[in-house]
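K.L.:
Have a look at this one.
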Amino acid sequence: MKPLSALALTLLLAGCSASSGDSGMQLYFRADPQQTTHGPAIAAQPYPGRSQPTVDALFSALMSGPTEDHLVSPFPRGVTLLDWELSDGLLTLNLSEQYGGLAEVSLTLADYCIVLTMSQLDGVESVQIQSAGHQAQSRDHTVLQAQEALLSWEADDAAPS
């Protein structure tokens, strides 16, 4: 990851929080910027479905949007999952063309909401997101992992390099 991208991601996700639901699975969304002036850029709500959902079911729940008032969907309207493949820990999601309209900070937020959500599935170690079969040109790398997202950052911690 390029140093500037790492710093931007650190700042975007610093303080990211989640609450635990019955199944333990979480759906990640953008924290509503209209309700908070500081704090995490991404937060989670419990997944309401069964404890071990399929890729399709978890993605569908994510695209249905948040049910908690302090969260908003970072995804463009109409995004659908065209197909997916899980191979050697890499989950490749091929999303509809609406996803391709995202760029810069909006793309980073949406990508990591998907990555943090889908990485909870058994066997998923990394995620690759395509739009209508193509990679976003503005990403500096195409395989994303949940551990890349700094979920908390204390003021005493050293600044990322």
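Each chain of the structure tokens is named A, B, ... in the order shown, its residues numbered from 1; ligands are numbered from 1 in display order.
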Among stretch 32-133 of chain A, which residues carry a DSSP assignment of alpha helix (DSSP H), reported as a PyMOL selection string?
P.N.:
chain A and resi 55-63+104-118
K.L.:
Mind dumping the selected residues with N, CA, C and O atoms as a CSV table (one decimal), in the first residue's frame?
P.N.:
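The resulting out_20.csv:
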```csv
chain,number,residue,atom,x,y,z
A,55,VAL,N,-22.4,-16.3,1.4
A,55,VAL,CA,-21.9,-15.1,0.8
A,55,VAL,C,-23.1,-14.3,0.3
A,55,VAL,O,-23.2,-13.1,0.5
A,56,ASP,N,-24.0,-14.9,-0.4
A,56,ASP,CA,-25.2,-14.2,-1.0
A,56,ASP,C,-26.0,-13.6,0.1
A,56,ASP,O,-26.4,-12.4,0.0
A,57,ALA,N,-26.3,-14.3,1.2
A,57,ALA,CA,-27.2,-13.8,2.2
A,57,ALA,C,-26.5,-12.6,3.0
A,57,ALA,O,-27.2,-11.6,3.3
A,58,LEU,N,-25.2,-12.7,3.3
A,58,LEU,CA,-24.5,-11.7,4.0
A,58,LEU,C,-24.4,-10.4,3.1
A,58,LEU,O,-24.6,-9.3,3.6
A,59,PHE,N,-24.1,-10.6,1.8
A,59,PHE,CA,-24.1,-9.4,0.9
A,59,PHE,C,-25.4,-8.8,0.8
A,59,PHE,O,-25.5,-7.6,0.8
A,60,SER,N,-26.5,-9.6,0.6
A,60,SER,CA,-27.8,-9.1,0.5
A,60,SER,C,-28.2,-8.2,1.8
A,60,SER,O,-28.8,-7.1,1.6
A,61,ALA,N,-27.8,-8.7,2.9
A,61,ALA,CA,-28.1,-8.0,4.2
A,61,ALA,C,-27.4,-6.6,4.2
A,61,ALA,O,-27.9,-5.6,4.6
A,62,LEU,N,-26.1,-6.7,3.7
A,62,LEU,CA,-25.3,-5.5,3.7
A,62,LEU,C,-25.9,-4.4,2.7
A,62,LEU,O,-26.0,-3.3,3.0
A,63,MET,N,-26.4,-4.9,1.5
A,63,MET,CA,-26.9,-4.0,0.5
A,63,MET,C,-28.3,-3.5,1.0
A,63,MET,O,-28.8,-2.5,0.5
A,104,GLU,N,-12.0,7.3,-4.8
A,104,GLU,CA,-11.3,8.0,-3.7
A,104,GLU,C,-11.9,7.5,-2.3
A,104,GLU,O,-12.0,6.4,-2.1
A,105,VAL,N,-12.3,8.5,-1.5
A,105,VAL,CA,-12.7,8.2,-0.1
A,105,VAL,C,-13.9,7.3,-0.1
A,105,VAL,O,-14.1,6.4,0.7
A,106,SER,N,-14.9,7.6,-1.0
A,106,SER,CA,-16.1,6.9,-1.1
A,106,SER,C,-15.8,5.4,-1.4
A,106,SER,O,-16.5,4.5,-0.8
A,107,LEU,N,-14.9,5.2,-2.3
A,107,LEU,CA,-14.6,3.8,-2.7
A,107,LEU,C,-13.9,3.1,-1.5
A,107,LEU,O,-14.2,2.0,-1.2
A,108,THR,N,-13.0,3.8,-0.9
A,108,THR,CA,-12.3,3.2,0.3
A,108,THR,C,-13.2,2.8,1.4
A,108,THR,O,-13.2,1.7,1.9
A,109,LEU,N,-14.2,3.7,1.7
A,109,LEU,CA,-15.2,3.4,2.7
A,109,LEU,C,-16.0,2.2,2.3
A,109,LEU,O,-16.3,1.3,3.1
A,110,ALA,N,-16.5,2.2,1.1
A,110,ALA,CA,-17.4,1.1,0.6
A,110,ALA,C,-16.6,-0.2,0.6
A,110,ALA,O,-17.1,-1.3,1.0
A,111,ASP,N,-15.4,-0.2,0.1
A,111,ASP,CA,-14.6,-1.4,0.0
A,111,ASP,C,-14.4,-2.0,1.4
A,111,ASP,O,-14.6,-3.2,1.5
A,112,TYR,N,-14.0,-1.2,2.3
A,112,TYR,CA,-13.7,-1.8,3.7
A,112,TYR,C,-15.0,-2.2,4.4
A,112,TYR,O,-14.9,-3.0,5.3
A,113,CYS,N,-16.1,-1.6,4.1
A,113,CYS,CA,-17.4,-2.1,4.7
A,113,CYS,C,-17.6,-3.5,4.2
A,113,CYS,O,-18.0,-4.4,5.0
A,114,ILE,N,-17.4,-3.7,2.9
A,114,ILE,CA,-17.5,-5.0,2.3
A,114,ILE,C,-16.5,-6.0,2.9
A,114,ILE,O,-16.8,-7.1,3.3
A,115,VAL,N,-15.2,-5.6,2.9
A,115,VAL,CA,-14.2,-6.4,3.4
A,115,VAL,C,-14.3,-6.8,4.8
A,115,VAL,O,-14.2,-8.0,5.2
A,116,LEU,N,-14.6,-5.9,5.7
A,116,LEU,CA,-14.8,-6.2,7.1
A,116,LEU,C,-16.0,-7.1,7.3
A,116,LEU,O,-16.0,-8.0,8.2
A,117,THR,N,-17.1,-6.9,6.5
A,117,THR,CA,-18.2,-7.8,6.7
A,117,THR,C,-18.0,-9.2,6.1
A,117,THR,O,-18.2,-10.2,6.8
A,118,MET,N,-17.5,-9.3,4.9
A,118,MET,CA,-17.3,-10.6,4.3
A,118,MET,C,-16.1,-11.4,4.9
A,118,MET,O,-16.2,-12.7,4.8
```
K.L.:
When DSSP works through the backbone of this structure, what residues of stretch 55-122 of chain A end up as strand (DSSP E or B), shown as a list in words?
P.N.:
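So, restricting stretch 55-122 of chain A to strand (DSSP E or B), we get Leu71, Val72, Leu81, Leu82, Asp83, Trp84, Glu85, Leu86, Ser87, Leu90, Leu91, Thr92, Leu93, Asn94 and Leu95 of chain A.
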K.L.:
Any chance you can output those residues with N, CA and C atoms as a PDB file, in the first residue's frame?
P.N.:
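Saved file selection-v1.pdb follows:
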```
ATOM      1  N   LEU A  71     -25.995   5.057  11.374  1.00  0.00           N
ATOM      2  CA  LEU A  71     -25.260   4.472  10.259  1.00  0.00           C
ATOM      3  C   LEU A  71     -25.937   4.815   8.937  1.00  0.00           C
ATOM      4  N   VAL A  72     -25.137   4.916   7.878  1.00  0.00           N
ATOM      5  CA  VAL A  72     -25.651   5.126   6.525  1.00  0.00           C
ATOM      6  C   VAL A  72     -24.938   4.168   5.580  1.00  0.00           C
ATOM      7  N   LEU A  81     -24.882  -8.237  -6.485  1.00  0.00           N
ATOM      8  CA  LEU A  81     -23.799  -9.212  -6.588  1.00  0.00           C
ATOM      9  C   LEU A  81     -24.064 -10.040  -7.839  1.00  0.00           C
ATOM     10  N   LEU A  82     -23.221  -9.879  -8.862  1.00  0.00           N
ATOM     11  CA  LEU A  82     -23.396 -10.618 -10.111  1.00  0.00           C
ATOM     12  C   LEU A  82     -22.951 -12.065  -9.944  1.00  0.00           C
ATOM     13  N   ASP A  83     -21.781 -12.249  -9.343  1.00  0.00           N
ATOM     14  CA  ASP A  83     -21.288 -13.583  -9.031  1.00  0.00           C
ATOM     15  C   ASP A  83     -20.118 -13.465  -8.067  1.00  0.00           C
ATOM     16  N   TRP A  84     -19.710 -14.589  -7.525  1.00  0.00           N
ATOM     17  CA  TRP A  84     -18.592 -14.608  -6.583  1.00  0.00           C
ATOM     18  C   TRP A  84     -17.878 -15.944  -6.677  1.00  0.00           C
ATOM     19  N   GLU A  85     -16.621 -15.937  -6.204  1.00  0.00           N
ATOM     20  CA  GLU A  85     -15.819 -17.156  -6.174  1.00  0.00           C
ATOM     21  C   GLU A  85     -14.932 -17.108  -4.932  1.00  0.00           C
ATOM     22  N   LEU A  86     -14.835 -18.223  -4.233  1.00  0.00           N
ATOM     23  CA  LEU A  86     -13.928 -18.361  -3.101  1.00  0.00           C
ATOM     24  C   LEU A  86     -12.904 -19.418  -3.457  1.00  0.00           C
ATOM     25  N   SER A  87     -11.644 -19.004  -3.527  1.00  0.00           N
ATOM     26  CA  SER A  87     -10.568 -19.912  -3.898  1.00  0.00           C
ATOM     27  C   SER A  87      -9.328 -19.600  -3.074  1.00  0.00           C
ATOM     28  N   LEU A  90      -9.274 -16.433  -0.981  1.00  0.00           N
ATOM     29  CA  LEU A  90      -9.580 -15.184  -1.679  1.00  0.00           C
ATOM     30  C   LEU A  90     -11.027 -15.211  -2.162  1.00  0.00           C
ATOM     31  N   LEU A  91     -11.828 -14.296  -1.633  1.00  0.00           N
ATOM     32  CA  LEU A  91     -13.212 -14.141  -2.081  1.00  0.00           C
ATOM     33  C   LEU A  91     -13.239 -13.038  -3.134  1.00  0.00           C
ATOM     34  N   THR A  92     -13.585 -13.392  -4.367  1.00  0.00           N
ATOM     35  CA  THR A  92     -13.708 -12.414  -5.440  1.00  0.00           C
ATOM     36  C   THR A  92     -15.184 -12.135  -5.646  1.00  0.00           C
ATOM     37  N   LEU A  93     -15.558 -10.873  -5.486  1.00  0.00           N
ATOM     38  CA  LEU A  93     -16.936 -10.426  -5.672  1.00  0.00           C
ATOM     39  C   LEU A  93     -17.023  -9.627  -6.957  1.00  0.00           C
ATOM     40  N   ASN A  94     -17.923  -9.994  -7.831  1.00  0.00           N
ATOM     41  CA  ASN A  94     -18.163  -9.247  -9.054  1.00  0.00           C
ATOM     42  C   ASN A  94     -19.490  -8.524  -8.866  1.00  0.00           C
ATOM     43  N   LEU A  95     -19.413  -7.203  -8.688  1.00  0.00           N
ATOM     44  CA  LEU A  95     -20.588  -6.392  -8.409  1.00  0.00           C
ATOM     45  C   LEU A  95     -21.075  -5.700  -9.684  1.00  0.00           C
TER      46      LEU A  95
END
```
K.L.:
Find the distance between atom CA of A:Gln45 and atom CA of A:Met25 and write it in Å to one decimal.
P.N.:
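So the answer is 8.7 Å.
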K.L.:
Within 10 Å of A:Gly65, counting only C-alpha atoms, which residues show up once you throw out same-chain ones fewer than 6 positions away? Write them as a ChimeraX atom specification, please.
P.N.:
/A:27-29,71-75
K.L.:
Emit the selected residues as a PDB file, in the first residue's frame, including C-alpha atoms.
P.N.:
```
ATOM      1  CA  LEU A  27     -22.599  -5.650   9.058  1.00  0.00           C
ATOM      2  CA  TYR A  28     -20.288  -2.670   8.533  1.00  0.00           C
ATOM      3  CA  PHE A  29     -21.548   0.705   7.334  1.00  0.00           C
ATOM      4  CA  LEU A  71     -25.260   4.472  10.259  1.00  0.00           C
ATOM      5  CA  VAL A  72     -25.651   5.126   6.525  1.00  0.00           C
ATOM      6  CA  SER A  73     -24.990   2.955   3.514  1.00  0.00           C
ATOM      7  CA  PRO A  74     -21.784   3.814   1.605  1.00  0.00           C
ATOM      8  CA  PHE A  75     -23.045   1.920  -1.459  1.00  0.00           C
TER       9      PHE A  75
END
```
K.L.:
Enter the distance from atom CA of A:Leu144 to atom CA of A:Val127, in Å, rounded to one decimal.
P.N.:
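It comes out at 5.2 Å.
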K.L.:
Which residue out of A:Ser96, A:Gln147, A:Gln135, A:Ser64 has the minimum interatomic distance to A:Gln120 when only C-alpha atoms are used?
P.N.:
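Nearest candidate to A:Gln120 out of A:Ser96, A:Gln147, A:Gln135, A:Ser64: A:Gln147.
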K.L.:
Just want the 8 Å neighbourhood of stretch 31-36 of chain A, counted on only C-alpha atoms, with same-chain residues fewer than 4 positions away dropped. Output as an MDAnalysis selection string.
P.N.:
chainID A and resid 40:43 70:72
K.L.:
What is the distance between atom CA of A:Ser126 and atom CA of A:Glu68, in Å to one decimal?
P.N.:
27.1 Å
